[in-house]
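coords-v2.pdb follows; it contains PDB, C-alpha atoms, pLDDT in the B column.
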```
ATOM      1  CA  ARG A   1       1.474  82.525   3.188  1.00 37.00           C
ATOM      2  CA  ASP A   2      -1.226  81.106   0.918  1.00 41.00           C
ATOM      3  CA  ALA A   3      -1.162  77.280   1.322  1.00 46.00           C
ATOM      4  CA  THR A   4      -1.301  76.207  -2.306  1.00 46.00           C
ATOM      5  CA  VAL A   5       0.304  73.808  -4.715  1.00 47.00           C
ATOM      6  CA  ALA A   6       0.936  75.435  -8.084  1.00 47.00           C
ATOM      7  CA  ASN A   7       2.144  74.416 -11.516  1.00 51.00           C
ATOM      8  CA  SER A   8       1.705  75.695 -15.034  1.00 52.00           C
ATOM      9  CA  ASP A   9      -1.771  74.161 -15.326  1.00 64.00           C
ATOM     10  CA  THR A  10      -3.609  74.172 -12.012  1.00 77.00           C
ATOM     11  CA  LYS A  11      -3.470  75.597  -8.491  1.00 85.00           C
ATOM     12  CA  TYR A  12      -4.867  73.715  -5.476  1.00 88.00           C
ATOM     13  CA  ASP A  13      -5.353  74.797  -1.898  1.00 92.00           C
ATOM     14  CA  LEU A  14      -3.283  72.453   0.266  1.00 93.00           C
ATOM     15  CA  ARG A  15      -6.106  72.275   2.790  1.00 94.00           C
ATOM     16  CA  ASP A  16      -8.140  70.463   0.123  1.00 96.00           C
ATOM     17  CA  VAL A  17      -5.410  67.931  -0.699  1.00 97.00           C
ATOM     18  CA  VAL A  18      -4.999  64.466   0.825  1.00 97.00           C
ATOM     19  CA  VAL A  19      -2.299  62.058  -0.370  1.00 98.00           C
ATOM     20  CA  TRP A  20      -2.882  58.320   0.074  1.00 98.00           C
ATOM     21  CA  ILE A  21       0.172  56.034  -0.163  1.00 98.00           C
ATOM     22  CA  ASP A  22       0.386  52.254  -0.118  1.00 98.00           C
ATOM     23  CA  PRO A  23       4.082  51.342  -0.015  1.00 98.00           C
ATOM     24  CA  LEU A  24       3.404  47.616  -0.500  1.00 97.00           C
ATOM     25  CA  ASP A  25       0.087  46.425  -1.880  1.00 97.00           C
ATOM     26  CA  ALA A  26      -0.475  42.640  -1.848  1.00 97.00           C
ATOM     27  CA  THR A  27       1.587  42.146   1.300  1.00 95.00           C
ATOM     28  CA  GLN A  28       0.518  38.532   1.801  1.00 95.00           C
ATOM     29  CA  GLU A  29       1.240  37.649  -1.797  1.00 97.00           C
ATOM     30  CA  TYR A  30       4.680  39.240  -1.432  1.00 97.00           C
ATOM     31  CA  THR A  31       5.456  36.853   1.440  1.00 96.00           C
ATOM     32  CA  GLU A  32       4.311  33.979  -0.788  1.00 97.00           C
ATOM     33  CA  MET A  33       6.556  35.147  -3.659  1.00 97.00           C
ATOM     34  CA  LEU A  34       3.544  35.831  -5.880  1.00 97.00           C
ATOM     35  CA  ASP A  35       5.323  38.848  -7.255  1.00 97.00           C
ATOM     36  CA  GLN A  36       2.951  39.597 -10.126  1.00 97.00           C
ATOM     37  CA  TYR A  37       0.365  40.969  -7.672  1.00 98.00           C
ATOM     38  CA  VAL A  38       2.680  43.373  -5.847  1.00 98.00           C
ATOM     39  CA  THR A  39       2.440  47.122  -6.461  1.00 98.00           C
ATOM     40  CA  ILE A  40       3.452  50.446  -4.935  1.00 98.00           C
ATOM     41  CA  MET A  41       0.724  53.088  -5.135  1.00 98.00           C
ATOM     42  CA  MET A  42       0.160  56.800  -4.549  1.00 98.00           C
ATOM     43  CA  CYS A  43      -3.044  58.804  -5.004  1.00 98.00           C
ATOM     44  CA  VAL A  44      -3.736  62.543  -4.677  1.00 97.00           C
ATOM     45  CA  ALA A  45      -7.295  63.504  -3.747  1.00 98.00           C
ATOM     46  CA  VAL A  46      -8.615  67.058  -3.949  1.00 97.00           C
ATOM     47  CA  ARG A  47     -11.803  67.899  -2.054  1.00 96.00           C
ATOM     48  CA  GLY A  48     -12.412  64.173  -1.698  1.00 97.00           C
ATOM     49  CA  GLU A  49     -12.077  63.328  -5.384  1.00 97.00           C
ATOM     50  CA  PRO A  50      -9.145  61.160  -6.542  1.00 97.00           C
ATOM     51  CA  LEU A  51      -7.418  63.157  -9.258  1.00 95.00           C
ATOM     52  CA  ALA A  52      -3.848  61.963  -9.717  1.00 96.00           C
ATOM     53  CA  SER A  53      -2.511  58.447  -9.261  1.00 98.00           C
ATOM     54  CA  VAL A  54       0.661  56.424  -9.771  1.00 98.00           C
ATOM     55  CA  ILE A  55       1.045  52.645  -9.700  1.00 98.00           C
ATOM     56  CA  HIS A  56       4.348  50.820 -10.006  1.00 98.00           C
ATOM     57  CA  PHE A  57       4.766  47.082 -10.526  1.00 98.00           C
ATOM     58  CA  PRO A  58       8.247  46.633  -9.020  1.00 98.00           C
ATOM     59  CA  PHE A  59       8.892  43.117 -10.266  1.00 97.00           C
ATOM     60  CA  SER A  60       8.044  43.892 -13.881  1.00 97.00           C
ATOM     61  CA  GLY A  61       9.390  47.436 -13.753  1.00 97.00           C
ATOM     62  CA  LYS A  62       6.198  48.913 -15.236  1.00 97.00           C
ATOM     63  CA  THR A  63       4.824  52.247 -14.042  1.00 98.00           C
ATOM     64  CA  TYR A  64       1.568  53.972 -14.964  1.00 97.00           C
ATOM     65  CA  TRP A  65       0.273  57.382 -13.915  1.00 97.00           C
ATOM     66  CA  GLN A  66      -2.532  59.767 -14.730  1.00 95.00           C
ATOM     67  CA  TRP A  67      -3.739  63.212 -13.769  1.00 92.00           C
ATOM     68  CA  ALA A  68      -7.461  63.591 -14.430  1.00 87.00           C
ATOM     69  CA  ASP A  69      -8.327  65.870 -17.356  1.00 79.00           C
ATOM     70  CA  HIS A  70      -4.659  66.727 -17.827  1.00 83.00           C
ATOM     71  CA  ARG A  71      -2.293  64.013 -18.983  1.00 89.00           C
ATOM     72  CA  ALA A  72      -1.210  60.418 -18.484  1.00 93.00           C
ATOM     73  CA  SER A  73       1.924  58.343 -18.884  1.00 95.00           C
ATOM     74  CA  SER A  74       2.712  57.037 -22.341  1.00 94.00           C
ATOM     75  CA  SER A  75       2.626  53.543 -20.829  1.00 95.00           C
ATOM     76  CA  LEU A  76      -1.017  54.031 -19.823  1.00 95.00           C
ATOM     77  CA  ASP A  77      -1.996  55.579 -23.151  1.00 92.00           C
ATOM     78  CA  LYS A  78      -0.388  52.625 -24.932  1.00 92.00           C
ATOM     79  CA  LEU A  79      -2.241  50.166 -22.705  1.00 91.00           C
ATOM     80  CA  LEU A  80      -5.578  51.880 -23.312  1.00 89.00           C
ATOM     81  CA  GLY A  81      -5.209  52.371 -27.033  1.00 82.00           C
ATOM     82  CA  THR A  82      -5.609  55.352 -29.317  1.00 49.00           C
ATOM     83  CA  GLY A  83      -6.535  58.607 -27.642  1.00 46.00           C
ATOM     84  CA  GLY A  84      -5.720  57.512 -24.109  1.00 47.00           C
ATOM     85  CA  ARG A  85      -9.080  55.868 -23.532  1.00 50.00           C
ATOM     86  CA  PRO A  86     -10.118  52.189 -23.640  1.00 49.00           C
ATOM     87  CA  GLY A  87      -9.570  50.871 -27.149  1.00 41.00           C
ATOM     88  CA  ARG A  88     -12.137  48.126 -26.809  1.00 47.00           C
ATOM     89  CA  ALA A  89     -15.756  47.652 -27.729  1.00 42.00           C
ATOM     90  CA  ALA A  90     -18.316  48.187 -24.987  1.00 47.00           C
ATOM     91  CA  LYS A  91     -19.604  45.012 -23.394  1.00 52.00           C
ATOM     92  CA  LYS A  92     -23.032  44.539 -21.872  1.00 58.00           C
ATOM     93  CA  GLY A  93     -23.173  42.848 -18.525  1.00 72.00           C
ATOM     94  CA  VAL A  94     -20.497  41.180 -16.461  1.00 86.00           C
ATOM     95  CA  ARG A  95     -19.078  37.692 -17.035  1.00 91.00           C
ATOM     96  CA  ARG A  96     -15.617  37.889 -15.410  1.00 95.00           C
ATOM     97  CA  VAL A  97     -15.328  39.143 -11.832  1.00 96.00           C
ATOM     98  CA  VAL A  98     -12.006  39.532 -10.042  1.00 97.00           C
ATOM     99  CA  VAL A  99     -12.033  39.156  -6.236  1.00 97.00           C
ATOM    100  CA  SER A 100      -9.560  39.047  -3.370  1.00 95.00           C
ATOM    101  CA  ARG A 101      -7.700  35.781  -2.814  1.00 92.00           C
ATOM    102  CA  SER A 102      -6.643  36.674   0.758  1.00 85.00           C
ATOM    103  CA  HIS A 103      -9.589  38.762   2.073  1.00 83.00           C
ATOM    104  CA  ALA A 104     -12.462  37.202   0.177  1.00 77.00           C
ATOM    105  CA  GLY A 105     -15.072  36.790   2.919  1.00 78.00           C
ATOM    106  CA  ASP A 106     -18.254  35.398   1.365  1.00 89.00           C
ATOM    107  CA  VAL A 107     -17.759  37.048  -2.013  1.00 93.00           C
ATOM    108  CA  ASN A 108     -17.307  33.823  -4.027  1.00 92.00           C
ATOM    109  CA  ARG A 109     -20.403  32.148  -2.623  1.00 93.00           C
ATOM    110  CA  THR A 110     -22.452  35.327  -2.960  1.00 95.00           C
ATOM    111  CA  LEU A 111     -21.487  35.940  -6.572  1.00 96.00           C
ATOM    112  CA  LEU A 112     -22.127  32.354  -7.654  1.00 94.00           C
ATOM    113  CA  SER A 113     -25.489  32.350  -5.870  1.00 94.00           C
ATOM    114  CA  ILE A 114     -26.448  35.287  -8.106  1.00 94.00           C
ATOM    115  CA  ASP A 115     -25.149  33.703 -11.313  1.00 93.00           C
ATOM    116  CA  LYS A 116     -23.534  30.267 -11.293  1.00 94.00           C
ATOM    117  CA  ASP A 117     -21.990  30.954 -14.696  1.00 93.00           C
ATOM    118  CA  LEU A 118     -19.906  33.916 -13.543  1.00 95.00           C
ATOM    119  CA  ASN A 119     -16.169  33.430 -13.942  1.00 96.00           C
ATOM    120  CA  VAL A 120     -14.875  34.413 -10.487  1.00 96.00           C
ATOM    121  CA  ILE A 121     -11.127  35.118 -10.609  1.00 97.00           C
ATOM    122  CA  PRO A 122      -9.176  35.318  -7.321  1.00 97.00           C
ATOM    123  CA  ALA A 123      -6.193  37.666  -7.315  1.00 97.00           C
ATOM    124  CA  GLY A 124      -3.988  39.554  -4.881  1.00 97.00           C
ATOM    125  CA  GLY A 125      -3.599  43.294  -4.463  1.00 97.00           C
ATOM    126  CA  ALA A 126      -6.246  45.952  -5.017  1.00 97.00           C
ATOM    127  CA  GLY A 127      -4.052  47.716  -7.545  1.00 98.00           C
ATOM    128  CA  TYR A 128      -3.506  44.558  -9.555  1.00 98.00           C
ATOM    129  CA  LYS A 129      -7.230  43.787  -9.572  1.00 97.00           C
ATOM    130  CA  VAL A 130      -8.177  47.232 -10.849  1.00 97.00           C
ATOM    131  CA  PHE A 131      -5.634  46.883 -13.630  1.00 97.00           C
ATOM    132  CA  GLN A 132      -7.339  43.650 -14.663  1.00 96.00           C
ATOM    133  CA  LEU A 133     -10.298  45.899 -15.509  1.00 96.00           C
ATOM    134  CA  VAL A 134      -8.093  48.463 -17.255  1.00 95.00           C
ATOM    135  CA  ARG A 135      -6.536  45.650 -19.308  1.00 93.00           C
ATOM    136  CA  ASN A 136     -10.007  44.215 -20.079  1.00 92.00           C
ATOM    137  CA  GLU A 137      -9.114  40.924 -18.388  1.00 94.00           C
ATOM    138  CA  ALA A 138     -12.291  41.231 -16.269  1.00 95.00           C
ATOM    139  CA  GLU A 139     -15.415  43.370 -16.342  1.00 95.00           C
ATOM    140  CA  ALA A 140     -15.840  43.850 -12.574  1.00 96.00           C
ATOM    141  CA  TYR A 141     -13.974  43.793  -9.272  1.00 97.00           C
ATOM    142  CA  VAL A 142     -16.102  43.054  -6.204  1.00 97.00           C
ATOM    143  CA  HIS A 143     -14.933  43.385  -2.608  1.00 96.00           C
ATOM    144  CA  MET A 144     -17.154  42.717   0.416  1.00 93.00           C
ATOM    145  CA  THR A 145     -14.902  42.963   3.500  1.00 91.00           C
ATOM    146  CA  ALA A 146     -13.428  46.114   5.087  1.00 93.00           C
ATOM    147  CA  ILE A 147     -10.600  47.713   3.135  1.00 95.00           C
ATOM    148  CA  LYS A 148      -8.461  50.828   3.535  1.00 96.00           C
ATOM    149  CA  LYS A 149      -8.694  53.855   1.273  1.00 97.00           C
ATOM    150  CA  TRP A 150      -4.973  53.757   0.495  1.00 97.00           C
ATOM    151  CA  ASP A 151      -5.747  50.388  -1.133  1.00 97.00           C
ATOM    152  CA  VAL A 152      -8.461  51.719  -3.432  1.00 98.00           C
ATOM    153  CA  CYS A 153      -7.883  55.445  -4.076  1.00 98.00           C
ATOM    154  CA  VAL A 154      -5.337  54.778  -6.825  1.00 98.00           C
ATOM    155  CA  GLY A 155      -7.539  52.285  -8.639  1.00 97.00           C
ATOM    156  CA  ASP A 156     -10.577  54.544  -8.311  1.00 98.00           C
ATOM    157  CA  ALA A 157      -8.618  57.408  -9.873  1.00 97.00           C
ATOM    158  CA  PHE A 158      -7.436  55.250 -12.785  1.00 97.00           C
ATOM    159  CA  LEU A 159     -10.959  53.988 -13.441  1.00 96.00           C
ATOM    160  CA  ARG A 160     -12.390  57.506 -13.498  1.00 95.00           C
ATOM    161  CA  HIS A 161      -9.706  58.432 -16.036  1.00 93.00           C
ATOM    162  CA  THR A 162     -10.316  55.392 -18.256  1.00 93.00           C
ATOM    163  CA  GLY A 163     -14.127  55.441 -18.303  1.00 93.00           C
ATOM    164  CA  GLY A 164     -14.888  53.042 -15.456  1.00 95.00           C
ATOM    165  CA  GLU A 165     -16.128  53.604 -11.934  1.00 96.00           C
ATOM    166  CA  MET A 166     -15.991  52.364  -8.349  1.00 97.00           C
ATOM    167  CA  ARG A 167     -19.029  52.610  -6.079  1.00 97.00           C
ATOM    168  CA  SER A 168     -20.002  51.610  -2.567  1.00 96.00           C
ATOM    169  CA  LEU A 169     -22.325  48.613  -2.406  1.00 95.00           C
ATOM    170  CA  LYS A 170     -23.989  50.048   0.693  1.00 94.00           C
ATOM    171  CA  THR A 171     -24.697  53.582  -0.572  1.00 94.00           C
ATOM    172  CA  MET A 172     -24.315  53.175  -4.365  1.00 94.00           C
ATOM    173  CA  LYS A 173     -22.250  56.378  -4.271  1.00 95.00           C
ATOM    174  CA  ARG A 174     -18.685  57.027  -5.311  1.00 96.00           C
ATOM    175  CA  LEU A 175     -16.080  56.746  -2.586  1.00 97.00           C
ATOM    176  CA  VAL A 176     -14.770  59.955  -1.001  1.00 97.00           C
ATOM    177  CA  TYR A 177     -11.130  60.466   0.029  1.00 97.00           C
ATOM    178  CA  GLY A 178     -11.093  63.895   1.675  1.00 95.00           C
ATOM    179  CA  ASP A 179     -10.650  63.008   5.369  1.00 94.00           C
ATOM    180  CA  PRO A 180      -7.508  61.050   6.324  1.00 94.00           C
ATOM    181  CA  ASP A 181      -9.152  60.050   9.631  1.00 95.00           C
ATOM    182  CA  LEU A 182     -11.921  58.249   7.731  1.00 95.00           C
ATOM    183  CA  PHE A 183      -9.608  55.733   6.120  1.00 96.00           C
ATOM    184  CA  LYS A 184     -11.752  52.597   6.125  1.00 95.00           C
ATOM    185  CA  VAL A 185     -14.266  51.482   3.484  1.00 95.00           C
ATOM    186  CA  ASP A 186     -17.004  49.355   5.036  1.00 92.00           C
ATOM    187  CA  GLY A 187     -19.868  47.623   3.293  1.00 91.00           C
ATOM    188  CA  GLY A 188     -17.993  46.600   0.173  1.00 94.00           C
ATOM    189  CA  PHE A 189     -17.687  48.096  -3.287  1.00 96.00           C
ATOM    190  CA  ILE A 190     -17.959  47.217  -6.940  1.00 97.00           C
ATOM    191  CA  ALA A 191     -15.584  48.516  -9.605  1.00 97.00           C
ATOM    192  CA  VAL A 192     -16.125  48.171 -13.341  1.00 96.00           C
ATOM    193  CA  GLY A 193     -13.972  48.907 -16.347  1.00 94.00           C
ATOM    194  CA  GLN A 194     -16.800  50.659 -18.157  1.00 92.00           C
ATOM    195  CA  LYS A 195     -19.273  52.911 -16.379  1.00 92.00           C
ATOM    196  CA  GLY A 196     -22.701  51.337 -15.988  1.00 91.00           C
ATOM    197  CA  ALA A 197     -21.542  47.826 -16.905  1.00 91.00           C
ATOM    198  CA  GLY A 198     -22.047  46.532 -13.362  1.00 92.00           C
ATOM    199  CA  ASP A 199     -25.423  48.086 -12.540  1.00 93.00           C
ATOM    200  CA  ASP A 200     -27.366  44.808 -12.671  1.00 93.00           C
ATOM    201  CA  LEU A 201     -24.743  42.989 -10.612  1.00 94.00           C
ATOM    202  CA  MET A 202     -24.722  45.808  -8.062  1.00 94.00           C
ATOM    203  CA  GLU A 203     -28.482  45.578  -7.615  1.00 94.00           C
ATOM    204  CA  SER A 204     -28.287  41.805  -7.151  1.00 94.00           C
ATOM    205  CA  LEU A 205     -25.474  42.152  -4.598  1.00 95.00           C
ATOM    206  CA  ARG A 206     -27.382  44.814  -2.670  1.00 94.00           C
ATOM    207  CA  ARG A 207     -30.403  42.512  -2.419  1.00 93.00           C
ATOM    208  CA  LYS A 208     -28.217  39.651  -1.195  1.00 91.00           C
ATOM    209  CA  LEU A 209     -26.588  41.888   1.403  1.00 89.00           C
ATOM    210  CA  ASP A 210     -29.907  43.468   2.519  1.00 88.00           C
ATOM    211  CA  TYR A 211     -28.728  46.949   1.537  1.00 84.00           C
ATOM    212  CA  ARG A 212     -31.979  47.770  -0.265  1.00 69.00           C
TER     213      ARG A 212
END
```
When written as structure tokens, how does the structure in this file appear?
Amino acid sequence: RDATVANSDTKYDLRDVVVWIDPLDATQEYTEMLDQYVTIMMCVAVRGEPLASVIHFPFSGKTYWQWADHRASSSLDKLLGTGGRPGRAAKKGVRRVVVSRSHAGDVNRTLLSIDKDLNVIPAGGAGYKVFQLVRNEAEAYVHMTAIKKWDVCVGDAFLRHTGGEMRSLKTMKRLVYGDPDLFKVDGGFIAVGQKGAGDDLMESLRRKLDYR
């Protein structure tokens, strides 16, 4: 039998599909009763590209989902503004950077050595941090320690839908999610709410990390 997933819009070969699930993002923050950071996430990747994603904030009861080039939840469209895309003016450069509060590594010191005036905002949960970009509460999310793809696939998918991007600091390329055995992201990444907004910061980080 042909191994496919079908609906009224699109048909995918199951051999091309990988589903990444994080049943409890921000685990440490959950143990500390910092409930605002906690999410449940699911991402569907097809041929390595994150296409569909769902994020649920269990303590606020809010859920957002999107399916690239198809449709999105009304909650996400409302958050983004008219037309289901960011309803905010484009900003040049990065002033507010959200980073991990529990797996920070040297990110704070590195960022402030590049620009002492950056507003570095610690937060828990990869999903929460990406939604700070979607909500325009920060321009960039920088992570420099190892992280799992089930932590970032959902956010990457949302950013691609909303006009942002996530790229590897080491390779400058988009992350790929097609092989479940290759589940770790090494070398760090930068995510931005608007594509191209973090190019200067990425170049500065790559010089600091000797990736050039």
Pull out every residue that the PyMOL selection byres ((chain A and resi 182) around 12) matches in the shown coordinates and put them as a PyMOL selection string. chain A and resi 18+20+48+147-150+175-181+183-186
Leaving out A:Asn119 and any residue of its chain fewer than 2 positions from it, which residues lie within 12 Å of it when counting only C-alpha atoms, given as a list in words?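 Neighbouring residues, sequence-local ones excluded: Val94, Arg95, Arg96, Val97, Val98, Val99, Asn108, Leu111, Leu112, Ile114, Asp115, Lys116, Asp117, Ile121, Pro122, Glu137, Ala138, Glu139, Ala140 and Tyr141 of chain A.
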Pull out every residue that the PyMOL selection byres ((chain A and resi 194) around 8) matches in the shown coordinates and put them as a PyMOL selection string. chain A and resi 90+139+163-165+192-193+195-197
In terms of the shortest atom-to-atom distance over only C-alpha atoms, which of A:Trp65, A:Tyr128, A:Phe59, A:Tyr211 is closest to A:Ser168? A:Tyr211
Applied to this file, what does the PyMOL selection byres ((chain A and resi 100) around 7) return in terms of residues, put as JSON, numbers by chain? {"A": [99, 101, 102, 103, 104, 122, 123, 124, 143]}
Pick from A:Ser73, A:Asp151, A:Leu159, A:Leu133, whichever lies nearest to A:Leu24 using only C-alpha atoms: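 Using only C-alpha atoms, the shortest distance to A:Leu24 belongs to A:Asp151.
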So which residues are close to (-28.5, 44.9, -8.2), meaning at most 12 Å away in the file's coordinates with only C-alpha atoms counted, and can you show them as a PyMOL selection string? chain A and resi 93+111+114+169-170+172+190+196-212
Atomic separation - atom CA of A:Arg174 relative to atom CA of A:Pro50, Å: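 We find that atom CA of A:Pro50 and atom CA of A:Arg174 lie 10.5 Å from each other.
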